[in-house]
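As provided, target_18.txt (compact mmCIF, C-alpha atoms and all ligand atoms) reads as follows.
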```
# COMPACT_ATOMS: atom_id res chain seq x y z
CA MET A 152 22.79 -8.19 20.60
CA SER A 153 22.10 -5.89 23.47
CA VAL A 154 19.84 -2.98 24.30
CA LEU A 155 21.93 0.12 25.02
CA PRO A 156 21.00 2.88 27.50
CA ILE A 157 19.45 5.92 25.80
CA VAL A 158 20.78 9.31 26.94
CA THR A 159 18.36 12.18 27.55
CA VAL A 160 18.28 15.90 26.84
CA GLY A 161 20.97 17.71 28.79
CA ASP A 162 23.65 15.15 27.94
CA PRO A 163 26.25 17.08 25.88
CA VAL A 164 26.67 14.13 23.48
CA LEU A 165 23.27 15.03 22.01
CA ARG A 166 24.71 18.43 21.05
CA GLU A 167 27.77 17.14 19.19
CA ARG A 168 28.12 16.41 15.50
CA ALA A 169 28.66 12.70 14.83
CA ARG A 170 31.75 11.96 12.73
CA ASP A 171 31.88 10.02 9.48
CA VAL A 172 32.63 6.30 9.61
CA THR A 173 35.47 5.08 7.36
CA PRO A 174 34.90 2.07 5.04
CA ASP A 175 37.32 -0.03 7.16
CA GLU A 176 35.50 0.87 10.36
CA LEU A 177 32.14 0.07 8.80
CA ALA A 178 33.33 -3.38 7.77
CA SER A 179 34.66 -4.16 11.26
CA PRO A 180 32.81 -6.66 13.47
CA GLU A 181 32.71 -4.04 16.22
CA VAL A 182 30.76 -1.51 14.13
CA GLN A 183 28.52 -4.23 12.68
CA ARG A 184 27.72 -5.33 16.23
CA PHE A 185 27.06 -1.71 17.20
CA ILE A 186 24.56 -1.41 14.32
CA ASP A 187 22.77 -4.55 15.57
CA ASP A 188 22.66 -3.09 19.09
CA LEU A 189 21.29 0.21 17.77
CA ILE A 190 18.49 -1.65 15.94
CA GLU A 191 17.73 -3.68 19.07
CA THR A 192 17.66 -0.52 21.21
CA LYS A 193 15.31 1.29 18.79
CA ARG A 194 12.95 -1.69 18.74
CA ALA A 195 12.97 -2.14 22.52
CA ALA A 196 12.02 1.54 22.95
CA ASN A 197 9.36 1.46 20.18
CA GLY A 198 11.09 4.36 18.41
CA ALA A 199 10.51 5.31 14.77
CA GLY A 200 14.26 5.85 14.57
CA ILE A 201 17.41 6.28 16.60
CA ALA A 202 20.78 7.93 16.09
CA ALA A 203 24.15 6.93 17.56
CA ASN A 204 24.31 10.14 19.64
CA GLN A 205 21.31 8.85 21.58
CA VAL A 206 23.36 5.96 22.94
CA ALA A 207 26.34 8.25 23.63
CA ASP A 208 28.27 7.26 20.50
CA LEU A 209 29.52 9.76 17.91
CA ARG A 210 29.83 7.56 14.87
CA ARG A 211 27.55 8.88 12.11
CA ILE A 212 25.01 6.05 12.11
CA ALA A 213 21.22 6.26 12.37
CA ILE A 214 18.32 3.88 11.95
CA VAL A 215 14.78 4.48 10.70
CA GLU A 216 12.15 1.76 10.89
CA VAL A 217 8.41 2.18 11.30
CA THR A 218 6.31 -0.93 11.70
CA PRO A 219 2.53 -0.74 11.17
CA ASP A 220 1.86 -1.54 14.84
CA ASN A 221 4.20 1.10 16.34
CA PRO A 222 2.50 2.12 19.62
CA ARG A 223 4.24 5.51 19.83
CA TYR A 224 3.36 6.62 16.29
CA PRO A 225 0.45 4.51 14.96
CA TYR A 226 -0.34 7.13 12.27
CA LYS A 227 3.11 6.99 10.60
CA PRO A 228 3.30 5.11 7.29
CA PRO A 229 5.47 1.97 7.54
CA VAL A 230 9.17 2.33 6.66
CA PRO A 231 11.31 -0.80 6.25
CA LEU A 232 14.46 -1.06 8.36
CA THR A 233 16.91 1.52 7.00
CA VAL A 234 20.45 1.68 8.38
CA MET A 235 22.11 4.96 7.41
CA VAL A 236 25.85 5.50 7.67
CA ASN A 237 27.33 8.97 7.02
CA ALA A 238 23.86 10.31 6.19
CA VAL A 239 23.51 13.73 4.59
CA LEU A 240 20.17 15.32 3.85
CA GLU A 241 19.11 18.14 1.54
CA PRO A 242 15.68 19.76 1.25
CA MET A 243 13.93 19.54 -2.13
CA GLY A 244 11.88 22.69 -2.70
CA ASP A 245 10.64 25.20 -0.17
CA GLU A 246 7.47 23.54 1.06
CA THR A 247 7.33 22.85 4.79
CA VAL A 248 4.72 21.28 7.04
CA GLU A 249 4.14 21.24 10.79
CA ILE A 250 4.54 17.80 12.34
CA ASN A 251 3.94 16.90 15.98
CA GLU A 252 7.06 15.06 17.15
CA GLY A 253 8.45 13.29 20.16
CA CYS A 254 11.89 11.84 20.86
CA LEU A 255 13.29 8.93 22.87
CA SER A 256 15.85 11.35 24.34
CA VAL A 257 13.20 13.86 25.42
CA PRO A 258 10.96 11.83 27.71
CA ASP A 259 7.26 12.65 27.83
CA LEU A 260 7.29 15.76 25.66
CA ARG A 261 5.94 16.49 22.19
CA GLY A 262 5.78 19.64 20.09
CA GLU A 263 5.00 21.02 16.62
CA VAL A 264 8.05 21.19 14.36
CA ASP A 265 8.49 22.65 10.87
CA ARG A 266 9.80 20.01 8.46
CA HIS A 267 10.57 20.02 4.76
CA VAL A 268 7.90 18.09 2.86
CA THR A 269 10.44 16.49 0.49
CA VAL A 270 14.11 15.71 1.16
CA ARG A 271 16.89 13.87 -0.59
CA VAL A 272 18.97 11.68 1.70
CA ARG A 273 22.36 10.19 0.84
CA TYR A 274 23.89 7.46 2.95
CA LEU A 275 25.82 4.22 2.94
CA ASP A 276 24.02 1.07 4.05
CA ARG A 277 25.70 -1.29 6.52
CA ASP A 278 27.46 -3.06 3.63
CA GLY A 279 28.93 0.21 2.37
CA ALA A 280 26.67 0.57 -0.70
CA GLU A 281 25.64 4.14 -1.50
CA HIS A 282 21.97 5.12 -1.57
CA VAL A 283 20.31 8.34 -2.73
CA GLU A 284 16.61 8.44 -1.92
CA GLU A 285 13.81 10.96 -1.94
CA ARG A 286 11.51 10.88 1.07
CA ARG A 287 8.25 12.73 1.48
CA GLY A 288 5.68 13.66 4.10
CA LEU A 289 5.77 12.14 7.58
CA THR A 290 8.59 9.82 6.52
CA ALA A 291 10.66 12.83 5.38
CA GLY A 292 10.03 14.26 8.85
CA THR A 293 11.36 11.11 10.51
CA PHE A 294 14.52 11.18 8.38
CA GLN A 295 15.06 14.88 9.19
CA HIS A 296 14.63 14.14 12.92
CA GLU A 297 17.29 11.39 12.84
CA VAL A 298 19.83 13.27 10.69
CA ASP A 299 19.31 16.28 12.98
CA HIS A 300 20.48 14.08 15.89
CA LEU A 301 23.70 13.32 13.98
CA ASP A 302 24.21 17.09 13.66
CA GLY A 303 23.60 17.72 17.37
CA VAL A 304 20.11 19.15 16.84
CA LEU A 305 16.99 18.18 18.82
CA PHE A 306 13.35 18.64 17.76
CA LEU A 307 13.07 21.08 20.67
CA ASP A 308 15.28 23.51 18.73
CA ARG A 309 12.83 23.55 15.83
CA VAL A 310 9.63 24.16 17.79
CA ARG A 311 8.61 27.68 16.73
CA ASP A 312 5.60 27.98 19.04
CA PRO A 313 6.38 26.82 22.60
CA THR A 314 2.66 26.70 23.41
CA THR A 315 2.51 23.52 21.30
CA PHE A 316 4.61 21.59 23.85
CA SER A 317 2.65 18.87 25.60
CA THR A 318 3.18 15.70 27.56
CA TRP A 319 2.14 12.50 25.79
CA GLU A 320 -0.93 12.27 28.03
CA GLN A 321 -2.02 15.82 27.16
CA PHE A 322 -1.28 15.17 23.47
CA ASP A 323 -3.71 12.23 23.59
CA ARG A 324 -6.30 14.34 25.38
CA HIS A 325 -6.12 17.61 23.44
CA ARG A 326 -4.12 17.30 20.24
CA ARG A 327 -4.08 13.75 18.89
CA GLU A 328 -7.36 13.89 17.00
CA GLU A 329 -6.54 17.13 15.17
CA PHE A 330 -2.97 16.06 14.42
CA VAL A 331 -3.84 12.57 13.18
CA ALA A 332 -6.37 14.12 10.74
CA ARG A 333 -3.65 16.51 9.54
CA ALA A 334 -1.14 13.65 9.26
CA LYS A 335 -3.56 11.52 7.22
CA ALA A 336 -4.27 14.43 4.87
CA LEU A 337 -0.52 14.93 4.38
CA VAL A 338 0.06 11.25 3.59
CA GLU A 339 -2.85 11.28 1.11
CA ARG A 340 -1.51 14.43 -0.53
CA VAL A 341 2.21 13.69 -0.83
CA GLY A 342 2.64 10.00 0.01
CA SER A 343 5.63 8.94 2.03
ZN ZN B 1 14.94 11.80 18.61
```

Mind turning the file's structure into structure tokens?
Amino acid sequence: MSVLPIVTVGDPVLRERARDVTPDELASPEVQRFIDDLIETKRAANGAGIAANQVADLRRIAIVEVTPDNPRYPYKPPVPLTVMVNAVLEPMGDETVEINEGCLSVPDLRGEVDRHVTVRVRYLDRDGAEHVEERRGLTAGTFQHEVDHLDGVLFLDRVRDPTTFSTWEQFDRHRREEFVARAKALVERVGS
């Protein structure tokens, strides 16, 4: 396994739509190795997730995994390792919530993003088995962030109020306390 270089905002590959992976491709040792590398890269960067576009690859593959000790997002509920191939996401209901997000491809910037509170996500796992799952709250936000990447969308595009942008240092200083309280209330209200 190897850690791949992560591309940053401005690289056109982050603005392209990733293409579906065929069953034959998915079963190939090359794609299976790529999935292992993507997991390794996400873990090395302490991300909550990563999408193929972020390592300059346009196969429709994304990972979500939140461990309880994640230093970037200690307030996020844990999510077991989820490998999504050909992921498609649909909102359930109209309710949205503002979540303060960051991104491995947008170094040292965070902002408040509108996310659907509940989504249904369909994907194939790395063995080709189909999954349909409902995700809620902060976890739904993480899934929306990753599937957005596969569609060429960055969290920056969804920030409605540009005055909410902050560096990570300024987030810690001025926004963390208020946001973590909001995040906890959301998790208590809707689960994850
Ligand atoms: Zn991201």

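Taking only C-alpha atoms into account, those protein, DNA and RNA residues with any atom at most 12 Å away from (-3.2, 23.0, 19.0) amount to Glu249, Ile250, Asn251, Arg261, Gly262, Glu263, Asp312, Pro313, Thr314, Thr315, Phe316, Ser317, Gln321, Phe322, Asp323, Arg324, His325, Arg326, Arg327, Glu328, Glu329, Phe330, Val331 and Arg333 of chain A.
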
Between stretch 244-335 of chain A and stretch 190-208 of chain A, at 10 Å or less, what are the per-residue closest atom pairs and their distances in Å? Count only C-alpha atoms, order by chain and rising residue number, and return it as a tab-separated table.
```
residue	atom	partner	partner_atom	distance
A:Gly253	CA	A:Gly198	CA	9.5
A:Cys254	CA	A:Gly198	CA	7.9
A:Leu255	CA	A:Gly198	CA	6.8
A:Ser256	CA	A:Gln205	CA	6.6
A:Thr290	CA	A:Ala199	CA	9.6
A:Thr293	CA	A:Ala199	CA	7.2
A:Phe294	CA	A:Gly200	CA	8.2
A:His296	CA	A:Gly200	CA	8.5
A:Glu297	CA	A:Ala202	CA	5.9
A:Val298	CA	A:Ala202	CA	7.7
A:Asp299	CA	A:Ala202	CA	9.0
A:His300	CA	A:Ala202	CA	6.2
A:Leu301	CA	A:Ala202	CA	6.5
A:Asp302	CA	A:Asn204	CA	9.2
A:Gly303	CA	A:Asn204	CA	7.9
```

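The space between atom CA of A:Leu165 and atom CA of A:Pro219 spans 28.2 Å.
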
Task: Atom pair atom CA of A:Glu285 / atom CA of A:Thr269: separation (Å) - done: 6.9 Å

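For the pair atom CA of A:Ala238 and atom CA of A:Trp319, the separation is 29.3 Å.
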
TODO: Between A:Leu260, A:Leu232, A:Val154, A:Val182, single out the one closest to ligand ZN 1 (chain B), counting only C-alpha atoms and all ligand atoms.
DONE: A:Leu260

Box in all listed atoms of stretch 283-293 of chain A, axis-aligned, with 5 Å more on each side; write out centre and edge lengths in Å to one decimal as AutoDock Vina command-line options.
```
--center_x 13.0 --center_y 11.3 --center_z 3.9 --size_x 24.6 --size_y 15.9 --size_z 23.2
```

Open item on the list: Given the point (29.9, 0.7, 2.1) in the coordinates of this file, which residues lie within 12 Å, counting all atoms listed in the file, and how would they look as a PyMOL selection string?
Closed with: chain A and resi 172-179+183+234-237+274-282

Open item on the list: Let me make sure I understand: among A:Leu240, A:Ile212, A:Val270, A:Leu305, which one has the smallest atom-to-atom distance to ligand ZN 1 (chain B) if we use only C-alpha atoms and all ligand atoms?
Closed with: A:Leu305

- [ ] Name the residues in contact with A:Glu284 at a cut-off of 7 Å, using all atoms listed in the file, excluding same-chain residues fewer than 3 positions from it; report them as a list in words.
- [x] Arg271, Val272 and Arg273 of chain A
